[in-house]
Amino acid sequence: MAPIEFGNIDILIRDLESQELESPCGIATALIYGQLLAFYLLQQDINNARYLWKRIPQAVKQSNAELALIWAVGQKMWVRDFPGIYTELQQEWSDAIKPIMSALEDIIRQKALDLVSKAYSSISAVEFSQFVGLPVEQAANEAIMKGWQADQVSKMIIPKKPSGKAQTTLSSEIQLAQLTDFVSFLEN
C-alpha cells in the first residue's frame, strides 16, 4: 500500500463504506472491515469504529483475528489508556493494515505530546515515556528535540507551553444575548 496521504482518508473511507454496502448479502470481506475500522481509528472517530465493530458479523470476526486486534486498539483509545494503546499497536499487522496502524501510532504520540505540553508544568521521565510510548531515554530525547527541558538529576521533563492565542471566553451575558438573537432569528 502506498504511503497514506491524509487528504485522501475521507475518500478512502467513503470507498470502503461503499464496498461494504455493495457487498453480497451486505457482508463485506474481513479486509474491508479491517481497513475501515483502522481508518476510523486513524481519524479518531471512535463512535463510527464502535458501530462498525457491532455490525461486523460474528463469523467474520472469528475468521480474522486481526479484526479483534484492531478493535483492541480502539477500546484502549476509548478509555484514553495511552500506554495500553501503544501495547496493542505492537502487533504483527498484515500488509494492508500495517501503514494505517503505523500512522495511527504517530498521531497518538503527537496527541500525547500535545496533551502533555498543555496539561503539565513538569512530568516524571518514566510517566512521560509511558504517555508517549517510547523508552525513557528516547522519550527524553524527543522532549529535548521539541525544545523542552529534561532534568537528568530529578528525572523530570519540563514541557514548553504551546504558543498561540489563548481562547477567549465569552461572558454569560454575551452568550445569552447571542442565543436570544439566534432563537429570534429561527422564530421569524
# chains A, B, ... in the order shown; residues from 1 in each chain; ligands from 1
>>> residues_around(residues="stretch 97-108 of chain A", least_positions_apart="6", cutoff="7 Å", atoms="only C-alpha atoms", output="PyMOL selection string")
chain A and resi 35+38-39+42+89
>>> write_last_selection(atoms="all heavy atoms", output="PDB file, in the first residue's frame")
ATOM      1  N   GLN A  35      -9.697  -2.588   7.233  1.00  0.00           N
ATOM      2  CA  GLN A  35      -9.207  -1.287   6.786  1.00  0.00           C
ATOM      3  C   GLN A  35     -10.138  -0.166   7.241  1.00  0.00           C
ATOM      4  O   GLN A  35      -9.672   0.879   7.692  1.00  0.00           O
ATOM      5  CB  GLN A  35      -9.066  -1.266   5.271  1.00  0.00           C
ATOM      6  CG  GLN A  35      -7.893  -2.068   4.767  1.00  0.00           C
ATOM      7  CD  GLN A  35      -7.778  -2.015   3.249  1.00  0.00           C
ATOM      8  OE1 GLN A  35      -8.776  -1.965   2.534  1.00  0.00           O
ATOM      9  NE2 GLN A  35      -6.544  -2.035   2.764  1.00  0.00           N
ATOM     10  N   ALA A  38      -9.642   0.448  10.936  1.00  0.00           N
ATOM     11  CA  ALA A  38      -8.352   1.113  11.173  1.00  0.00           C
ATOM     12  C   ALA A  38      -8.402   2.583  10.744  1.00  0.00           C
ATOM     13  O   ALA A  38      -7.864   3.448  11.446  1.00  0.00           O
ATOM     14  CB  ALA A  38      -7.241   0.375  10.434  1.00  0.00           C
ATOM     15  N   PHE A  39      -9.043   2.875   9.618  1.00  0.00           N
ATOM     16  CA  PHE A  39      -9.154   4.260   9.177  1.00  0.00           C
ATOM     17  C   PHE A  39     -10.019   5.090  10.120  1.00  0.00           C
ATOM     18  O   PHE A  39      -9.720   6.253  10.370  1.00  0.00           O
ATOM     19  CB  PHE A  39      -9.698   4.362   7.752  1.00  0.00           C
ATOM     20  CG  PHE A  39      -8.642   4.190   6.693  1.00  0.00           C
ATOM     21  CD1 PHE A  39      -8.796   3.230   5.705  1.00  0.00           C
ATOM     22  CD2 PHE A  39      -7.504   4.978   6.677  1.00  0.00           C
ATOM     23  CE1 PHE A  39      -7.834   3.061   4.728  1.00  0.00           C
ATOM     24  CE2 PHE A  39      -6.535   4.822   5.708  1.00  0.00           C
ATOM     25  CZ  PHE A  39      -6.700   3.857   4.722  1.00  0.00           C
ATOM     26  N   LEU A  42      -7.803   5.913  12.873  1.00  0.00           N
ATOM     27  CA  LEU A  42      -6.821   6.906  12.439  1.00  0.00           C
ATOM     28  C   LEU A  42      -7.413   8.311  12.484  1.00  0.00           C
ATOM     29  O   LEU A  42      -6.725   9.270  12.825  1.00  0.00           O
ATOM     30  CB  LEU A  42      -6.333   6.575  11.023  1.00  0.00           C
ATOM     31  CG  LEU A  42      -5.253   7.472  10.441  1.00  0.00           C
ATOM     32  CD1 LEU A  42      -3.973   7.383  11.262  1.00  0.00           C
ATOM     33  CD2 LEU A  42      -4.985   7.094   8.999  1.00  0.00           C
ATOM     34  N   LEU A  89      -0.752  -1.644  19.813  1.00  0.00           N
ATOM     35  CA  LEU A  89      -0.243  -1.342  18.472  1.00  0.00           C
ATOM     36  C   LEU A  89       0.985  -2.183  18.110  1.00  0.00           C
ATOM     37  O   LEU A  89       1.351  -2.258  16.935  1.00  0.00           O
ATOM     38  CB  LEU A  89       0.097   0.146  18.349  1.00  0.00           C
ATOM     39  CG  LEU A  89      -1.091   1.077  18.153  1.00  0.00           C
ATOM     40  CD1 LEU A  89      -0.676   2.530  18.331  1.00  0.00           C
ATOM     41  CD2 LEU A  89      -1.727   0.867  16.786  1.00  0.00           C
TER      42      LEU A  89
END
>>> residues_around(residues="A:Phe82", least_positions_apart="5", cutoff="10 Å", atoms="only C-alpha atoms", output="PDB file with all heavy atoms, in the first residue's frame")
ATOM      1  N   VAL A  73      -7.167  -1.952  19.983  1.00  0.00           N
ATOM      2  CA  VAL A  73      -6.582  -0.606  19.957  1.00  0.00           C
ATOM      3  C   VAL A  73      -7.697   0.423  20.174  1.00  0.00           C
ATOM      4  O   VAL A  73      -7.559   1.362  20.962  1.00  0.00           O
ATOM      5  CB  VAL A  73      -5.835  -0.333  18.633  1.00  0.00           C
ATOM      6  CG1 VAL A  73      -5.382   1.120  18.549  1.00  0.00           C
ATOM      7  CG2 VAL A  73      -4.660  -1.277  18.465  1.00  0.00           C
ATOM      8  N   LYS A  76      -8.791   0.708  23.786  1.00  0.00           N
ATOM      9  CA  LYS A  76      -7.835   1.483  24.596  1.00  0.00           C
ATOM     10  C   LYS A  76      -7.959   2.975  24.294  1.00  0.00           C
ATOM     11  O   LYS A  76      -7.821   3.808  25.185  1.00  0.00           O
ATOM     12  CB  LYS A  76      -6.398   1.016  24.355  1.00  0.00           C
ATOM     13  CG  LYS A  76      -6.131  -0.411  24.783  1.00  0.00           C
ATOM     14  CD  LYS A  76      -6.326  -0.599  26.262  1.00  0.00           C
ATOM     15  CE  LYS A  76      -6.024  -2.025  26.666  1.00  0.00           C
ATOM     16  NZ  LYS A  76      -6.189  -2.275  28.078  1.00  0.00           N
ATOM     17  N   MET A  77      -8.239   3.305  23.032  1.00  0.00           N
ATOM     18  CA  MET A  77      -8.438   4.707  22.679  1.00  0.00           C
ATOM     19  C   MET A  77      -9.702   5.244  23.343  1.00  0.00           C
ATOM     20  O   MET A  77      -9.727   6.389  23.776  1.00  0.00           O
ATOM     21  CB  MET A  77      -8.536   4.870  21.154  1.00  0.00           C
ATOM     22  CG  MET A  77      -7.224   4.653  20.427  1.00  0.00           C
ATOM     23  SD  MET A  77      -7.381   4.636  18.626  1.00  0.00           S
ATOM     24  CE  MET A  77      -7.819   6.342  18.302  1.00  0.00           C
ATOM     25  N   THR A  87       0.827  -0.573  23.592  1.00  0.00           N
ATOM     26  CA  THR A  87       0.994  -2.025  23.745  1.00  0.00           C
ATOM     27  C   THR A  87       0.206  -2.756  22.663  1.00  0.00           C
ATOM     28  O   THR A  87       0.720  -3.681  22.026  1.00  0.00           O
ATOM     29  CB  THR A  87       0.533  -2.475  25.147  1.00  0.00           C
ATOM     30  OG1 THR A  87       1.311  -1.791  26.129  1.00  0.00           O
ATOM     31  CG2 THR A  87       0.688  -3.967  25.322  1.00  0.00           C
ATOM     32  N   GLU A  88      -1.049  -2.354  22.466  1.00  0.00           N
ATOM     33  CA  GLU A  88      -1.896  -3.016  21.467  1.00  0.00           C
ATOM     34  C   GLU A  88      -1.393  -2.771  20.042  1.00  0.00           C
ATOM     35  O   GLU A  88      -1.614  -3.603  19.166  1.00  0.00           O
ATOM     36  CB  GLU A  88      -3.349  -2.557  21.607  1.00  0.00           C
ATOM     37  CG  GLU A  88      -4.014  -2.948  22.906  1.00  0.00           C
ATOM     38  CD  GLU A  88      -4.128  -4.446  23.130  1.00  0.00           C
ATOM     39  OE1 GLU A  88      -4.111  -5.226  22.144  1.00  0.00           O
ATOM     40  OE2 GLU A  88      -4.208  -4.854  24.297  1.00  0.00           O
ATOM     41  N   ILE A 108      -1.224   9.245  17.594  1.00  0.00           N
ATOM     42  CA  ILE A 108      -1.458   9.090  19.035  1.00  0.00           C
ATOM     43  C   ILE A 108      -0.295   9.700  19.815  1.00  0.00           C
ATOM     44  O   ILE A 108      -0.494  10.404  20.802  1.00  0.00           O
ATOM     45  CB  ILE A 108      -1.658   7.609  19.424  1.00  0.00           C
ATOM     46  CG1 ILE A 108      -2.931   7.047  18.776  1.00  0.00           C
ATOM     47  CG2 ILE A 108      -1.669   7.417  20.922  1.00  0.00           C
ATOM     48  CD1 ILE A 108      -4.214   7.662  19.263  1.00  0.00           C
ATOM     49  N   ARG A 109       0.927   9.453  19.360  1.00  0.00           N
ATOM     50  CA  ARG A 109       2.102  10.003  20.041  1.00  0.00           C
ATOM     51  C   ARG A 109       2.083  11.526  19.998  1.00  0.00           C
ATOM     52  O   ARG A 109       2.348  12.199  20.994  1.00  0.00           O
ATOM     53  CB  ARG A 109       3.385   9.461  19.424  1.00  0.00           C
ATOM     54  CG  ARG A 109       4.635   9.935  20.149  1.00  0.00           C
ATOM     55  CD  ARG A 109       5.871   9.143  19.772  1.00  0.00           C
ATOM     56  NE  ARG A 109       5.747   7.785  20.283  1.00  0.00           N
ATOM     57  CZ  ARG A 109       5.783   6.687  19.516  1.00  0.00           C
ATOM     58  NH1 ARG A 109       5.942   6.789  18.213  1.00  0.00           N
ATOM     59  NH2 ARG A 109       5.665   5.502  20.062  1.00  0.00           N
ATOM     60  N   LYS A 111      -0.545  13.423  19.681  1.00  0.00           N
ATOM     61  CA  LYS A 111      -1.646  13.854  20.550  1.00  0.00           C
ATOM     62  C   LYS A 111      -1.193  13.830  22.016  1.00  0.00           C
ATOM     63  O   LYS A 111      -1.492  14.752  22.779  1.00  0.00           O
ATOM     64  CB  LYS A 111      -2.855  12.936  20.347  1.00  0.00           C
ATOM     65  CG  LYS A 111      -4.060  13.333  21.150  1.00  0.00           C
ATOM     66  CD  LYS A 111      -5.235  12.395  20.856  1.00  0.00           C
ATOM     67  CE  LYS A 111      -6.443  12.765  21.678  1.00  0.00           C
ATOM     68  NZ  LYS A 111      -7.576  11.872  21.411  1.00  0.00           N
ATOM     69  N   ALA A 112      -0.470  12.792  22.398  1.00  0.00           N
ATOM     70  CA  ALA A 112       0.031  12.692  23.772  1.00  0.00           C
ATOM     71  C   ALA A 112       1.016  13.823  24.066  1.00  0.00           C
ATOM     72  O   ALA A 112       0.970  14.420  25.149  1.00  0.00           O
ATOM     73  CB  ALA A 112       0.693  11.332  23.998  1.00  0.00           C
ATOM     74  N   GLN A 130       5.838   6.535  29.277  1.00  0.00           N
ATOM     75  CA  GLN A 130       4.641   5.706  29.127  1.00  0.00           C
ATOM     76  C   GLN A 130       3.580   6.435  28.317  1.00  0.00           C
ATOM     77  O   GLN A 130       2.863   5.829  27.520  1.00  0.00           O
ATOM     78  CB  GLN A 130       4.084   5.338  30.494  1.00  0.00           C
ATOM     79  CG  GLN A 130       4.973   4.400  31.266  1.00  0.00           C
ATOM     80  CD  GLN A 130       4.518   4.210  32.704  1.00  0.00           C
ATOM     81  OE1 GLN A 130       3.695   4.970  33.214  1.00  0.00           O
ATOM     82  NE2 GLN A 130       5.062   3.191  33.355  1.00  0.00           N
ATOM     83  N   PHE A 131       3.490   7.734  28.524  1.00  0.00           N
ATOM     84  CA  PHE A 131       2.496   8.547  27.828  1.00  0.00           C
ATOM     85  C   PHE A 131       2.756   8.596  26.325  1.00  0.00           C
ATOM     86  O   PHE A 131       1.817   8.626  25.533  1.00  0.00           O
ATOM     87  CB  PHE A 131       2.519   9.968  28.403  1.00  0.00           C
ATOM     88  CG  PHE A 131       1.179  10.585  28.568  1.00  0.00           C
ATOM     89  CD1 PHE A 131       0.652  10.771  29.826  1.00  0.00           C
ATOM     90  CD2 PHE A 131       0.434  11.014  27.482  1.00  0.00           C
ATOM     91  CE1 PHE A 131      -0.590  11.358  30.002  1.00  0.00           C
ATOM     92  CE2 PHE A 131      -0.802  11.599  27.643  1.00  0.00           C
ATOM     93  CZ  PHE A 131      -1.319  11.772  28.898  1.00  0.00           C
ATOM     94  N   VAL A 132       4.034   8.627  25.937  1.00  0.00           N
ATOM     95  CA  VAL A 132       4.369   8.727  24.515  1.00  0.00           C
ATOM     96  C   VAL A 132       4.793   7.388  23.910  1.00  0.00           C
ATOM     97  O   VAL A 132       5.097   7.319  22.722  1.00  0.00           O
ATOM     98  CB  VAL A 132       5.450   9.804  24.248  1.00  0.00           C
ATOM     99  CG1 VAL A 132       4.934  11.180  24.595  1.00  0.00           C
ATOM    100  CG2 VAL A 132       6.740   9.500  24.958  1.00  0.00           C
ATOM    101  N   GLY A 133       4.804   6.335  24.711  1.00  0.00           N
ATOM    102  CA  GLY A 133       5.082   5.004  24.190  1.00  0.00           C
ATOM    103  C   GLY A 133       6.496   4.790  23.699  1.00  0.00           C
ATOM    104  O   GLY A 133       6.726   4.059  22.739  1.00  0.00           O
TER     105      GLY A 133
END
>>> select_by_dssp(residues="chain A", states="strand (DSSP E or B)", output="ChimeraX atom specification")
/A:123-124,149-151,156-158
>>> select_by_dssp(residues="stretch 48-140 of chain A", states="alpha helix (DSSP H)", output="MDAnalysis selection string")
chainID A and resid 48:55 58:63 65:78 82:89 98:119 125:132 136:140
>>> residues_around(residues="stretch 134-139 of chain A", least_positions_apart="3", cutoff="12 Å", atoms="only C-alpha atoms", output="PDB file with C-alpha atoms, in the first residue's frame")
ATOM      1  CA  PHE A  82      -2.136   5.716  26.191  1.00  0.00           C
ATOM      2  CA  PRO A  83       0.277   3.015  27.461  1.00  0.00           C
ATOM      3  CA  TYR A  86       0.990   1.537  22.398  1.00  0.00           C
ATOM      4  CA  THR A  87       0.994  -2.025  23.745  1.00  0.00           C
ATOM      5  CA  GLN A  90       2.835  -3.593  18.843  1.00  0.00           C
ATOM      6  CA  GLU A 105       0.800   5.351  16.345  1.00  0.00           C
ATOM      7  CA  ASP A 106       2.392   8.584  15.113  1.00  0.00           C
ATOM      8  CA  ARG A 109       2.102  10.003  20.041  1.00  0.00           C
ATOM      9  CA  ALA A 112       0.031  12.692  23.772  1.00  0.00           C
ATOM     10  CA  LEU A 113       2.839  15.232  23.307  1.00  0.00           C
ATOM     11  CA  ILE A 123       6.225  15.278  34.492  1.00  0.00           C
ATOM     12  CA  SER A 124       8.483  12.419  35.530  1.00  0.00           C
ATOM     13  CA  ALA A 125      10.530  10.936  32.715  1.00  0.00           C
ATOM     14  CA  VAL A 126       9.089   7.473  33.388  1.00  0.00           C
ATOM     15  CA  GLU A 127       5.491   8.680  33.276  1.00  0.00           C
ATOM     16  CA  PHE A 128       6.251  10.749  30.169  1.00  0.00           C
ATOM     17  CA  SER A 129       7.791   7.734  28.440  1.00  0.00           C
ATOM     18  CA  GLN A 130       4.641   5.706  29.127  1.00  0.00           C
ATOM     19  CA  PHE A 131       2.496   8.547  27.828  1.00  0.00           C
ATOM     20  CA  GLU A 142      12.076  13.538  21.984  1.00  0.00           C
ATOM     21  CA  ALA A 143      11.303  16.151  24.648  1.00  0.00           C
ATOM     22  CA  ILE A 144      14.648  17.871  24.130  1.00  0.00           C
ATOM     23  CA  MET A 145      14.094  17.926  20.350  1.00  0.00           C
ATOM     24  CA  LYS A 146      10.794  19.733  20.983  1.00  0.00           C
ATOM     25  CA  TRP A 148      11.545  21.083  26.351  1.00  0.00           C
ATOM     26  CA  GLN A 149      13.838  20.724  29.330  1.00  0.00           C
ATOM     27  CA  ALA A 150      14.906  17.340  30.645  1.00  0.00           C
ATOM     28  CA  ASP A 151      16.451  17.410  34.111  1.00  0.00           C
ATOM     29  CA  GLN A 152      18.776  14.418  34.416  1.00  0.00           C
ATOM     30  CA  LYS A 155      14.424  12.725  36.099  1.00  0.00           C
ATOM     31  CA  MET A 156      11.755  15.287  35.230  1.00  0.00           C
ATOM     32  CA  ILE A 157      10.588  16.618  31.878  1.00  0.00           C
TER      33      ILE A 157
END
>>> residues_around(residues="A:Ala49", least_positions_apart="3", cutoff="9 Å", atoms="only C-alpha atoms", output="number ranges by chain")
A: 36-41, 44-46, 52-54, 71, 74
>>> closest_atom_pairs(of="stretch 81-143 of chain A", to="stretch 19-31 of chain A", cutoff="12 Å", atoms="only C-alpha atoms", output="JSON lines")
{"residue": "A:Trp93", "atom": "CA", "partner": "A:Leu31", "partner_atom": "CA", "distance": 11.8}
{"residue": "A:Ser94", "atom": "CA", "partner": "A:Leu31", "partner_atom": "CA", "distance": 9.6}
{"residue": "A:Asp95", "atom": "CA", "partner": "A:Leu31", "partner_atom": "CA", "distance": 10.6}
{"residue": "A:Ala96", "atom": "CA", "partner": "A:Leu31", "partner_atom": "CA", "distance": 7.8}
{"residue": "A:Ile97", "atom": "CA", "partner": "A:Leu31", "partner_atom": "CA", "distance": 8.6}
>>> residues_around(residues="A:Pro162", least_positions_apart="4", cutoff="12 Å", atoms="only C-alpha atoms", output="list in words")
Leu113, Asp114, Leu115, Val116, Ser117, Lys118, Ala119, Tyr120, Ser121, Lys146, Gly147, Trp148 and Ala166 of chain A
>>> atom_distance(atom1="atom CA of A:Leu179", atom2="atom CA of A:Asn47")
28.8 Å
